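**Q** To start, I am sharing the structure in question, which I have written as C-alpha cells.
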2 protein chains.
Amino acid sequence: MTKWVYSFGGGHNEGRADMRNLLGGKGANLAEMAAIGLPVPPGFTITTELCTEYYRNERRYPDSLKAEMRAALARVEAAVGLGFGDKHKPLLVSVRSGARVSMPGMMDTVLNLGLNDATVEGLAEASGDARFAWDSYRRFIQMYGSVVLGVDHHRFEDIIEHVKLDAGVVEDTGLAASDWHRVVHGYKEMVAEETRKPFPMDPEEQLWGAIGAVFGSWMNPRANTYRRLHDIPADWGTAVNVQAMVFGNMGTDCATGVCFTRDPSTGENVFYGEYLVNAQGEDVVAGIRTPQPMAAARAKPGETPMEVAMPAAYRELMAVREKLERHYKDMQDIEFTVQRNKLYMLQTRNGKRTAAASLRIAVEMAGEGLIERREAVMRVNPSSLDQLLHPTLDPKAKRVVLSKGLPASPGAASGAVVFSADEAEMRAAKGEAVLLVRIETSPEDIHGMHAARGILTTRGGMTSHAAVVARGMGRPCVAGAGGISVDYGAQTLSANGVVLRAGDIITIDGSTGEVYAGAMKMIEPQLSGDFGTLMEWADQARRLKVRTNAETPLDAETARKFGAEGIGLCRTEHMFFDPARIGAVRQMILAKDEAGRRAALAKLLPFQREDFVSLFKIMEGLPVTIRLLDPPLHEFLPHGEAEMQEVADALGVDIAVIRARGEELSEANPMLGHRGCRLGVTYPEIYEMQARAIFEAAVEVAKTANAPVPEIMIPLVGTKKELDITRAQVEATAKAVFAETGKTIEYSVGTMIELPRAALTADQIAEAADFFSFGTNDLTQTTFGFSRDDVEARFIPIYIEMGILPQSPFDSVDAAGVGRLVRTAVEEGRKAKGKLEIGICGEHGGDPKSISFFAEAGLDYVSCSAFRVPVARLAAAHAAMAQKTNAVTT
Amino acid sequence: MTKWVYSFGGGHNEGRADMRNLLGGKGANLAEMAAIGLPVPPGFTITTELCTEYYRNERRYPDSLKAEMRAALARVEAAVGLGFGDKHKPLLVSVRSGARVSMPGMMDTVLNLGLNDATVEGLAEASGDARFAWDSYRRFIQMYGSVVLGVDHHRFEDIIEHVKLDAGVVEDTGLAASDWHRVVHGYKEMVAEETRKPFPMDPEEQLWGAIGAVFGSWMNPRANTYRRLHDIPADWGTAVNVQAMVFGNMGTDCATGVCFTRDPSTGENVFYGEYLVNAQGEDVVAGIRTPQPMAAARAKPGETPMEVAMPAAYRELMAVREKLERHYKDMQDIEFTVQRNKLYMLQTRNGKRTAAASLRIAVEMAGEGLIERREAVMRVNPSSLDQLLHPTLDPKAKRVVLSKGLPASPGAASGAVVFSADEAEMRAAKGEAVLLVRIETSPEDIHGMHAARGILTTRGGMTSHAAVVARGMGRPCVAGAGGISVDYGAQTLSANGVVLRAGDIITIDGSTGEVYAGAMKMIEPQLSGDFGTLMEWADQARRLKVRTNAETPLDAETARKFGAEGIGLCRTEHMFFDPARIGAVRQMILAKDEAGRRAALAKLLPFQREDFVSLFKIMEGLPVTIRLLDPPLHEFLPHGEAEMQEVADALGVDIAVIRARGEELSEANPMLGHRGCRLGVTYPEIYEMQARAIFEAAVEVAKTANAPVPEIMIPLVGTKKELDITRAQVEATAKAVFAETGKTIEYSVGTMIELPRAALTADQIAEAADFFSFGTNDLTQTTFGFSRDDVEARFIPIYIEMGILPQSPFDSVDAAGVGRLVRTAVEEGRKAKGKLEIGICGEHGGDPKSISFFAEAGLDYVSCSAFRVPVARLAAAHAAMAQKTNAVTT
C-alpha cells in the first residue's frame, strides 16, 4: 500500500533531503535537518503523490490517508506533550505547501491552526499571556479566512481599524487582549456572513480545509501559467507540511528570523540576515517594525544585533550554520524561531545569490575543502558571468521605463543623447559620457559607437549592424526600440509622449532592452581574483576550445585577455567599411569589367594585408580563421540620395550610374541571394586579392614572430564544387605568394556549414575541406525559414508567449531541427575525413545551453564575441562535466 | 588475353547489338545486321577497350593488336576476293569512329583507304572506269589529308578550282580522268609541303594513321567539352570500324541513300528517305545534287523515286526495312549503298523523331504486335509531350531573335504588342491576336493575360506572377527578358537597337525564352487518338496519382480533361486578388484590431464560399487540397503612389495610413518572413474565415452532388505546435458549421513540408497531420539558400555553365540535398503515422526526372499545373516501370 504521510522531528524521521520529488523541497529538508540533530518542531509531510492521486481520483482522498494522518498527528502530540483540540494544552500547527521547486501563485502558509473559542483559552493559560492568545487566534482566522475561505483581506483590516478607532489607539501594539477578543468576534461574524457558513471550530475540519486549499491552489490559474512558462509538469504535484507551531511572539525572550549562511550579495563568509524580537514570521516581512541584524560586526549604530540581544540562541544558531554548510555543502537560506530562548529551525534551502556571490562562495568553499574544485565550477552559472563583465543597473534604483527594444548587447550605460557619430566622438573627447542614438547605424558610425558609452537604435534586429558591432566592442546596446521615434532634424527622440532633446540624459540596459529617462545608479563590474581562479579550474575541466569572433586589433586583444585560444571568425568585410577603403570597394563594385575590378582591388590589397599583419601579431601563432567576403555587394553602396551624390562625385561618375548599379544589385531576398562563395565564384578576383593579403601578411609576420596558421574559410557553400573552385583559387594564390617571397607557411582551407544542403551533403564537402565551421545564424534562418531581421521582433515573441517556441532559436540552438543538421554534418564530415576540425562561429557560440549541445555533438571549438569568451569557457567546462556524468543536458 | 578486334560480315560475326559498350553503336549494329543475314560489307571493329588501353599506356597499342588486325583483314580479303594493297584487285576500306553514343567533335569517316599510285590503276582496271578510280583517289587524299593529317580543306578546294579553270569547266562532273589525275598530283605536292612529309603510299601505314586519328579525336577539346556537358566518362572510349568499301558512285546502276523506316516527323508507317544515283554518301549531304525520294507514293512531279528507278534494289530494301523493324522493334535510321544493282547495308540505328512521331510509332507498333504496350509507354519521352500540347515554332521558319528571357511557360505565340491588360482585352474582343507586354504583371492584369495569346515581361523570374499565372492558364510566357526595355508612356519596346511600337507583331517561344520580331509560322498542337490510347496505357502502369494545381474553374476543368485525379494545390490567395475582393482584403490588412479584421473578412466569406462551391462541383468528389493563406500581407497592398491614393480614397483613409502600413509590413527577406501559418497563428480570424468558406461550400455541394472531401493544408509549418494551433482552429470551425447546418462531411487537415525543419521533425509533425504535401519550391529555396527570384536569372546559369549544378534545382529536384530531406520526412512521417498520405505540389510535380525521384521515395501523388498533367501521368508510368525493373533512374 502506498505510504502517503512521512513524519519528521520528535525522533521519528521518515524522509531525507534526496526525497525532494516525493516530499517537496521544504518537507525533505525539514526531515533532513531533524535527522542530523537540528531542533526542528515535529510534524509530517503529505506526499506529492497524494496530490497527483487526488486529481486523478476526481479530487477525492484515498481511504487510507485519514488513518495515516491521525497516526502522524498522534506522534506530534506525543513529542510536544500537547493535544490537537485539547482545551488546556492545545497543539497548534502550521500548514504549508511545498512542491519540488518553489512556485509562486500557490497557497503558502496557514499558522496557528487548531485554535477555536475553546483552545484559545487553553493557549492563554499555557502561555500565561491572554493578549498573545487572542492575537494568535485573530491571526489564524485572518489567514485561514483569506487563503482557505477566499475572503478579501481588506474585510479583516477594516475590522481591526474599527476596533483601533474605538480603543483610541494608532498602533496594533496598543490593543489589549479584550480588543483582540472583539476583533475575533468581528472576524467570525464577517466570515460567516461572507461564506454563509460559520467559521469552522473543529480543528480537524480546519486541518482538512487547509490541506484541501493547498492542493486546490496547485491547479489555480496563476500556478498553471507559471508551470506552463517554466515547463513544470502538472503531475509533479505539491506536498503539504503540517508542523507543530513554535512562537517567536510569546515575549521578549522570543524572536524569529531569516538568514543566509553567507552574504548573498557579495559571497563574503559572514552570517547574514535579520531577526525581530517578539514577532511571528510575517512581521519580519510586513515592514512595520525594522528587523535587526544578526552579527554584531554588521550592526550599525542604534541597531541591536541578535549576537548581543540573545547571545545563547545566537551561539546555537552559529553552530547550526556551521553544521548546515558542512552537511549541505552550500550556502543556506534558513528560517528560525526562538521560543522562550529555545531555538527552532523552520526551513533550510540553498540560498539564492548574485553572480559575484556565487563565484566567491564557490571558490572559497573549494578553498575550505567543503567542495571539490569541479563542483565549484559547476556551481557558477555561465550566463551569470555577464553580470560580472558589464556594468549593471543597481536593482534598488527607481526606474522610469521610457520604452523597450531588443537586448542586443549586455550591460547598462547612462549618458547624454547624441544623434550623430561625429558629435559622439567630439563630446566624448571632452570627457562627456554620451549615448549614441540612431535610427540605424552603418559602418560610417563606428568611431561614434566607440566613443559612446552605449548605443540605442530604433530599427534593426539582434544581427543588425549596431547589435553585432556593439557586442564585439562590449558596448551595451538596445536595438530596434520601435516605440521610440527619432527626429534627426529636430534633434529629438520621443516615446510614450515624452520628448527628449540632444544632451538630455538617458540610461539603457542592454541585458533587458529597457530604456530609461535620466541617469541611473550603476554597479560597476569588478573582476576579483576568484574569477581568474574559477576560470583556471574551468579550463582544466573543459574539452571544447574557445575562440573569438574578432576583426579589429582591439577585439582580438580583449579576447586574448579573456582567454580566447584563437580567432574563430574574422569577418573580412568589416574591414571594407573603413572610410579609407570604402571608396576603393565601391569603385570595384561599379567597375564595368574584371580589369576595372582588379584595379580597385589592388588599392585594397595593402589595407587588407596590414589588417592581417596586426591580427597575426596579436594572436602569436594561435589559429586565425578568416572568412572571405560574405555579404552581397549592394551592402557597400550608399543608399541615401546625398550619399550617392557624394560617392558619384568622389568616383567621378554620374549619380545615375550609382543608382543603376544599386538597382541592378538589389534583391528581393538578399539573405538568399548573390553573396558568400557565390561572389567568390562569379568574381574570383575578390577572393584572390583577399587570399593574397592573407598569405603576404602571414609570410611577413613569420619572419619576426610565431608563424601564423591562417585557416581560410569559404562562406555559404552549398555544393562541393563551389568549394573545389574557390579552394583552387586560394591554393593558386598561396603558391604564387610563396614563389614570390621564397617562404612557405602552413595554412588550411575550410568552409562554413550554414546551409541545410551543406549539412546534408557534408560527406562530399568534407572531401574538399580541411575544416568545418557552423554558421548557426544562417543555418537557423534557412532551417526555420526565419529571416532574423524580420521575425525576431515581430512574431518570435508571440511564438514564445504561445509556447510554440521555448526561446528564440537565434538565442539558443534548436536541437531538434538545426541541431539535427549539425549532428548529421559532424557525423558524415568525420566519416569522410576522420580528422576534420569542426567549430561553430555563429552567435550560439556564446550561449551556454548551445555550448552544451555542441560539446555533446563532438565539436572541437566554439567561437564567440570577446566578452562572451569567459562565459563560453565556463559553459564548456559544465558541458564536459555533464557529459562525464552522463547527465547530458541537451 | 584480351581480344581487341571483332570481325563482322563475310559469314564471320563476332559481335552482337548488345555489345554496344565494347564495339560502339555502329560496330555492334553492323555485326547484328550481318548476323541476321542482311548484306553487310565485311569488316572488323577495334574495341573501345583498346582506346582506353591506348590512353592508359601513353598512346601505345598493345603488342597483340597488329596480329589480330592482320587476321581480321585477311578474312575481309578472303570474303571479297580482293587484296589490301594488291595492285590489280585492291581492297579498299572505310575507317569510321563509333562510340557508345554518337558524339559530335570526333573524327567521322575516311573512305577509299588503300588507294595509292599503284592500286589506283588496279581500281581503274577492275571497275573499267579510270575517271571513277582517279576521282576516288583524290577523294581519299582529300579526306585523309584533312581529317588525319590536319590540312585545311580550303587548300584542296583551291587545287580543284585551279584545274577546273584550266579545263574550262564549271562543274566537277565536267572533269575527265586526266583532270582528276592532275588534281591528285597537286594534292600530293601540297600535302607534302604542308606536312613536310610525302603523302603515305603504304596502305598499312594509311590504316594505322586513320586508326590513330580516330583515337586521337576522342580526346580533342570539342569532344572533351561535349563529354563534360553530357556527363560521358572519358574512359568509355571509342571503337574504330574498318570495312570493305562498296561504291554507290560506280555508274548509274549504283546509288546511295539515307532512310527512316517510318516518317520521323509524323510517325506514319511509310518508308521515308532520300537517295542519289551514282553518288557516295557525302554527296547526299553536300547538297549540290538534289536527293530523290524513296517511295513512289511520296514523289512529287519531276522527281524519280527509287521505287521506280531501281525497282529490284528497292524491293530488297523494303524487305530489309521489314526485317530490321521486326528485329530491332523500333523505327530505324539506315544508310545503304547500291553497287551495280547489289544492295549493301552500311548502318542502322534507332531513328530520332518528333514527339508526334514518337507517340504514333509507339502506339502503332504496339498495335502491330511488334512491342508490348508497356514498352510503347516507355518509348515516349514525357517531356516531349509539351510539343504536343502547345503550339510550337515551325523549325523551318526563319528567325530574327530580338532578345531572350526565361522560358516561363511553354508554347509559342505571335500577336500584336499591347502594353496594358485593358487594351489586350479590348483588342482581343475584336478578334485580334495580341501579346501582352509588361515590365511585370500583377493580379490586376489577369483579364488581359487571359485575352492575350502570350505574355512577355521584362522583369521577374520563373515564379513571378506572370510565370505562375501563365503556366496555370497554359499561355506561353517569356519572363524577365532584361534585354528588352519597355516605355509605357511612349508605347514602345526596344531591344538590340530595334524599337517596336504598340500594334507591331512579335513572336515569343515560351519553351526557349526567345523573343522574335514579326510573325512566325507555328505548328498547332493536334491531339490524336493515339495520345488518348497511350495515356490510358500509361495510367494502367503507374502507381503515383496525378493531381493538379488549380484555383479557377477553368484551370480545374482543363486539368480534368487532361486526366487530373484531384486538386493537389488550390492557392486561396489567388482568389483574393479579384477586383471585387481586393478592397475587402486591404480593409482587413489596414484594420486596427481584430474586430476590424473580422468585419472585412465577413465581406470576403461569400466570395470564398462561391469559389469552393464551383471547384467542388467540377471535381465531383475527387480530393481537393486547399492551402490556406500563404503570402505575406504586404503583397496585397498597392505599391505605386497613384494606386495607393486610389485605395485610400476607396477605403476613406488618408494615403499616409496606407503608406505607413505598407512600411510596417515591409520585410528585408519576405520569403523568410511573416507568412504562411505564421499569419494563421497571429491572425487566427483569417484561417477561420477560410475554413468556414470551405465547410459551408462542402456542405452545400454535398446536398446535390458527390460530397467533396476537402483536404485543408496549412502552409510553412516549422514546428508541430503551429500545426496543433491552426488545426484546432479549423476543427472548431468545422464543428460550428456542422452544428449550424446539421450536416457533417469528411475532411482532413494536413501540412506543407516546405521548410528543412519540417522535414527534420516530420515524426513530430505527422502526429498532428493527416497528410503531407511537399512544397519543393520553398524547400529548395531554403535548403540551398537560394531566393529563386534573385538567383534564377543571375547566377544559376553561370553555375550550370561551370558545372557546379547539373541543372537548376528549381527545374529538377536536387536528390542529394532537397531529396534527402524528402526521404527523411517520408520515412519519419510514415513511422509516426503509417497511413500518412504524402504528395508533392511544387513545380517539380510536373518534371519527369523529379517524378521518378518522388515515385521512388514512396509518395502517393504529384500535383502540377493543368498542362503538365499528361506529362506527369506518363512520367509516373515510366517511374513505376523503372522501379519494377530495378533500373531506378535517379
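How things are named: the first chain in the C-alpha cells is A, the next is B, and so on; residues count from 1 in each chain; ligands count from 1 in the order shown.
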Excluding range 1-5 of chain A and its own-chain neighbours fewer than 6 positions away, which residues fall within 7 Å of it when counting only C-alpha atoms? Please give them as a PDB file with all heavy atoms, in the first residue's frame.
**A**
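Resulting contents of selection.pdb:
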```pdb
ATOM      1  N   PHE A  44       4.660  16.455   9.983  1.00  0.00           N
ATOM      2  CA  PHE A  44       4.641  15.412   8.950  1.00  0.00           C
ATOM      3  C   PHE A  44       4.369  16.057   7.590  1.00  0.00           C
ATOM      4  O   PHE A  44       3.869  17.174   7.504  1.00  0.00           O
ATOM      5  CB  PHE A  44       3.606  14.327   9.265  1.00  0.00           C
ATOM      6  CG  PHE A  44       2.213  14.847   9.486  1.00  0.00           C
ATOM      7  CD1 PHE A  44       1.345  15.038   8.394  1.00  0.00           C
ATOM      8  CD2 PHE A  44       1.755  15.154  10.780  1.00  0.00           C
ATOM      9  CE1 PHE A  44       0.064  15.517   8.623  1.00  0.00           C
ATOM     10  CE2 PHE A  44       0.477  15.625  10.982  1.00  0.00           C
ATOM     11  CZ  PHE A  44      -0.389  15.821   9.913  1.00  0.00           C
ATOM     12  N   THR A  45       4.726  15.276   6.561  1.00  0.00           N
ATOM     13  CA  THR A  45       4.557  15.751   5.196  1.00  0.00           C
ATOM     14  C   THR A  45       3.612  14.808   4.458  1.00  0.00           C
ATOM     15  O   THR A  45       3.793  13.594   4.503  1.00  0.00           O
ATOM     16  CB  THR A  45       5.911  15.786   4.477  1.00  0.00           C
ATOM     17  OG1 THR A  45       6.812  16.587   5.231  1.00  0.00           O
ATOM     18  CG2 THR A  45       5.775  16.350   3.072  1.00  0.00           C
ATOM     19  N   ILE A  46       2.577  15.377   3.824  1.00  0.00           N
ATOM     20  CA  ILE A  46       1.709  14.596   2.943  1.00  0.00           C
ATOM     21  C   ILE A  46       2.327  14.673   1.552  1.00  0.00           C
ATOM     22  O   ILE A  46       2.651  15.764   1.070  1.00  0.00           O
ATOM     23  CB  ILE A  46       0.280  15.141   2.940  1.00  0.00           C
ATOM     24  CG1 ILE A  46      -0.241  15.223   4.386  1.00  0.00           C
ATOM     25  CG2 ILE A  46      -0.638  14.292   2.077  1.00  0.00           C
ATOM     26  CD1 ILE A  46      -1.580  15.911   4.508  1.00  0.00           C
ATOM     27  N   THR A  47       2.510  13.525   0.911  1.00  0.00           N
ATOM     28  CA  THR A  47       3.385  13.478  -0.275  1.00  0.00           C
ATOM     29  C   THR A  47       2.779  14.140  -1.515  1.00  0.00           C
ATOM     30  O   THR A  47       1.566  14.323  -1.628  1.00  0.00           O
ATOM     31  CB  THR A  47       3.712  12.022  -0.651  1.00  0.00           C
ATOM     32  OG1 THR A  47       2.499  11.395  -1.097  1.00  0.00           O
ATOM     33  CG2 THR A  47       4.281  11.258   0.516  1.00  0.00           C
ATOM     34  N   LEU A  50       0.250  12.031  -3.289  1.00  0.00           N
ATOM     35  CA  LEU A  50      -1.145  12.145  -2.887  1.00  0.00           C
ATOM     36  C   LEU A  50      -1.849  13.217  -3.710  1.00  0.00           C
ATOM     37  O   LEU A  50      -3.003  13.062  -4.103  1.00  0.00           O
ATOM     38  CB  LEU A  50      -1.275  12.460  -1.405  1.00  0.00           C
ATOM     39  CG  LEU A  50      -2.764  12.389  -1.058  1.00  0.00           C
ATOM     40  CD1 LEU A  50      -3.078  11.154  -0.259  1.00  0.00           C
ATOM     41  CD2 LEU A  50      -3.264  13.621  -0.399  1.00  0.00           C
ATOM     42  N   LEU A  65      -5.668   7.570   3.869  1.00  0.00           N
ATOM     43  CA  LEU A  65      -4.992   8.803   4.266  1.00  0.00           C
ATOM     44  C   LEU A  65      -5.331   9.213   5.701  1.00  0.00           C
ATOM     45  O   LEU A  65      -4.457   9.570   6.496  1.00  0.00           O
ATOM     46  CB  LEU A  65      -5.357   9.944   3.303  1.00  0.00           C
ATOM     47  CG  LEU A  65      -4.776  11.308   3.674  1.00  0.00           C
ATOM     48  CD1 LEU A  65      -3.250  11.290   3.618  1.00  0.00           C
ATOM     49  CD2 LEU A  65      -5.311  12.405   2.750  1.00  0.00           C
ATOM     50  N   GLU A  68      -3.494   7.302   8.398  1.00  0.00           N
ATOM     51  CA  GLU A  68      -2.054   7.637   8.411  1.00  0.00           C
ATOM     52  C   GLU A  68      -1.829   8.998   9.051  1.00  0.00           C
ATOM     53  O   GLU A  68      -0.891   9.194   9.830  1.00  0.00           O
ATOM     54  CB  GLU A  68      -1.515   7.677   6.977  1.00  0.00           C
ATOM     55  CG  GLU A  68      -1.177   6.320   6.391  1.00  0.00           C
ATOM     56  CD  GLU A  68      -0.315   6.467   5.154  1.00  0.00           C
ATOM     57  OE1 GLU A  68       0.791   7.060   5.256  1.00  0.00           O
ATOM     58  OE2 GLU A  68      -0.756   6.033   4.068  1.00  0.00           O
ATOM     59  N   MET A  69      -2.730   9.938   8.730  1.00  0.00           N
ATOM     60  CA  MET A  69      -2.555  11.283   9.234  1.00  0.00           C
ATOM     61  C   MET A  69      -2.790  11.332  10.730  1.00  0.00           C
ATOM     62  O   MET A  69      -2.063  12.008  11.456  1.00  0.00           O
ATOM     63  CB  MET A  69      -3.510  12.220   8.520  1.00  0.00           C
ATOM     64  CG  MET A  69      -2.799  13.470   8.082  1.00  0.00           C
ATOM     65  SD  MET A  69      -3.869  14.485   7.097  1.00  0.00           S
ATOM     66  CE  MET A  69      -4.963  15.142   8.305  1.00  0.00           C
TER      67      MET A  69
END
```
**Q** Could you find all residues in range 349-384 of chain A that DSSP calls alpha helix (DSSP H) from the backbone, and write them as a list of chain:residue names?
**A**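 Filtering range 349-384 of chain A down to alpha helix (DSSP H) leaves A:Ala355, A:Ala356, A:Ala357, A:Ser358, A:Leu359, A:Arg360, A:Ile361, A:Ala362, A:Val363, A:Glu364, A:Met365, A:Ala366, A:Gly367, A:Arg373, A:Arg374, A:Glu375, A:Ala376, A:Val377, A:Met378, A:Arg379.
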**Q** Just write the chosen residues, N, CA, C and O atoms, as an mmCIF file, in the first residue's frame.
**A**
```
data_model
loop_
_atom_site.group_PDB
_atom_site.id
_atom_site.type_symbol
_atom_site.label_atom_id
_atom_site.label_comp_id
_atom_site.auth_asym_id
_atom_site.auth_seq_id
_atom_site.Cartn_x
_atom_site.Cartn_y
_atom_site.Cartn_z
ATOM 1 N N ALA A 355 25.652 36.890 -8.926
ATOM 2 C CA ALA A 355 26.728 36.213 -9.653
ATOM 3 C C ALA A 355 28.043 36.339 -8.905
ATOM 4 O O ALA A 355 28.797 35.373 -8.777
ATOM 5 N N ALA A 356 28.294 37.543 -8.361
ATOM 6 C CA ALA A 356 29.562 37.762 -7.649
ATOM 7 C C ALA A 356 29.632 36.848 -6.437
ATOM 8 O O ALA A 356 30.666 36.233 -6.156
ATOM 9 N N ALA A 357 28.515 36.744 -5.705
ATOM 10 C CA ALA A 357 28.490 35.900 -4.516
ATOM 11 C C ALA A 357 28.665 34.441 -4.908
ATOM 12 O O ALA A 357 29.382 33.681 -4.258
ATOM 13 N N SER A 358 28.006 34.040 -5.983
ATOM 14 C CA SER A 358 28.083 32.672 -6.436
ATOM 15 C C SER A 358 29.533 32.285 -6.697
ATOM 16 O O SER A 358 30.006 31.224 -6.272
ATOM 17 N N LEU A 359 30.232 33.182 -7.375
ATOM 18 C CA LEU A 359 31.627 32.936 -7.706
ATOM 19 C C LEU A 359 32.483 32.833 -6.448
ATOM 20 O O LEU A 359 33.238 31.888 -6.250
ATOM 21 N N ARG A 360 32.320 33.822 -5.557
ATOM 22 C CA ARG A 360 33.162 33.853 -4.364
ATOM 23 C C ARG A 360 32.885 32.658 -3.463
ATOM 24 O O ARG A 360 33.799 32.024 -2.945
ATOM 25 N N ILE A 361 31.615 32.346 -3.277
ATOM 26 C CA ILE A 361 31.250 31.223 -2.399
ATOM 27 C C ILE A 361 31.829 29.923 -2.953
ATOM 28 O O ILE A 361 32.403 29.110 -2.224
ATOM 29 N N ALA A 362 31.690 29.745 -4.270
ATOM 30 C CA ALA A 362 32.178 28.507 -4.865
ATOM 31 C C ALA A 362 33.680 28.366 -4.666
ATOM 32 O O ALA A 362 34.175 27.316 -4.232
ATOM 33 N N VAL A 363 34.404 29.448 -4.968
ATOM 34 C CA VAL A 363 35.863 29.378 -4.860
ATOM 35 C C VAL A 363 36.274 29.197 -3.401
ATOM 36 O O VAL A 363 37.136 28.378 -3.076
ATOM 37 N N GLU A 364 35.619 29.947 -2.488
ATOM 38 C CA GLU A 364 36.023 29.849 -1.078
ATOM 39 C C GLU A 364 35.654 28.495 -0.484
ATOM 40 O O GLU A 364 36.404 27.935 0.312
ATOM 41 N N MET A 365 34.491 27.964 -0.861
ATOM 42 C CA MET A 365 34.118 26.649 -0.320
ATOM 43 C C MET A 365 35.094 25.579 -0.795
ATOM 44 O O MET A 365 35.412 24.651 -0.057
ATOM 45 N N ALA A 366 35.558 25.722 -2.043
ATOM 46 C CA ALA A 366 36.565 24.776 -2.520
ATOM 47 C C ALA A 366 37.841 24.955 -1.711
ATOM 48 O O ALA A 366 38.492 23.979 -1.306
ATOM 49 N N GLY A 367 38.170 26.222 -1.407
ATOM 50 C CA GLY A 367 39.352 26.508 -0.592
ATOM 51 C C GLY A 367 39.226 25.931 0.813
ATOM 52 O O GLY A 367 40.197 25.446 1.395
ATOM 53 N N ARG A 373 36.962 21.170 -6.498
ATOM 54 C CA ARG A 373 37.067 22.272 -7.457
ATOM 55 C C ARG A 373 36.077 22.121 -8.605
ATOM 56 O O ARG A 373 35.498 23.078 -9.084
ATOM 57 N N ARG A 374 35.896 20.883 -9.078
ATOM 58 C CA ARG A 374 34.987 20.696 -10.215
ATOM 59 C C ARG A 374 33.555 21.039 -9.797
ATOM 60 O O ARG A 374 32.778 21.563 -10.588
ATOM 61 N N GLU A 375 33.250 20.771 -8.513
ATOM 62 C CA GLU A 375 31.924 21.142 -8.013
ATOM 63 C C GLU A 375 31.815 22.674 -8.003
ATOM 64 O O GLU A 375 30.781 23.236 -8.347
ATOM 65 N N ALA A 376 32.883 23.336 -7.595
ATOM 66 C CA ALA A 376 32.883 24.807 -7.567
ATOM 67 C C ALA A 376 32.600 25.358 -8.964
ATOM 68 O O ALA A 376 31.816 26.300 -9.146
ATOM 69 N N VAL A 377 33.212 24.735 -9.966
ATOM 70 C CA VAL A 377 32.993 25.187 -11.344
ATOM 71 C C VAL A 377 31.521 25.023 -11.726
ATOM 72 O O VAL A 377 30.908 25.901 -12.332
ATOM 73 N N MET A 378 30.938 23.874 -11.324
ATOM 74 C CA MET A 378 29.543 23.608 -11.671
ATOM 75 C C MET A 378 28.589 24.573 -10.969
ATOM 76 O O MET A 378 27.481 24.804 -11.427
ATOM 77 N N ARG A 379 29.031 25.123 -9.812
ATOM 78 C CA ARG A 379 28.145 25.967 -9.020
ATOM 79 C C ARG A 379 27.854 27.313 -9.676
ATOM 80 O O ARG A 379 26.898 27.983 -9.324
#
```
**Q** Compile the residues of chain A that lie within 6 Å of chain B, evaluated using only C-alpha atoms, and express the compilation as a PyMOL selection string.
**A** chain A and resi 667+669+672-673+721+756-757+760+782-787+790+804+817
**Q** Write down as a count of residues only the residues belonging to range 460-576 of chain A that are assigned strand (DSSP E or B) by DSSP computed on the backbone.
**A** 35
**Q** Do you know which residues are at most 12 Å from Glu307 in chain B counting only C-alpha atoms, after dropping those on the same chain fewer than 4 positions away, and could you put them as a count of residues only?
**A** 22
**Q** Between CA of Cys864 in chain A and CA of Asn549 in chain A, what is the distance, to one decimal in Å?
**A** 5.2 Å
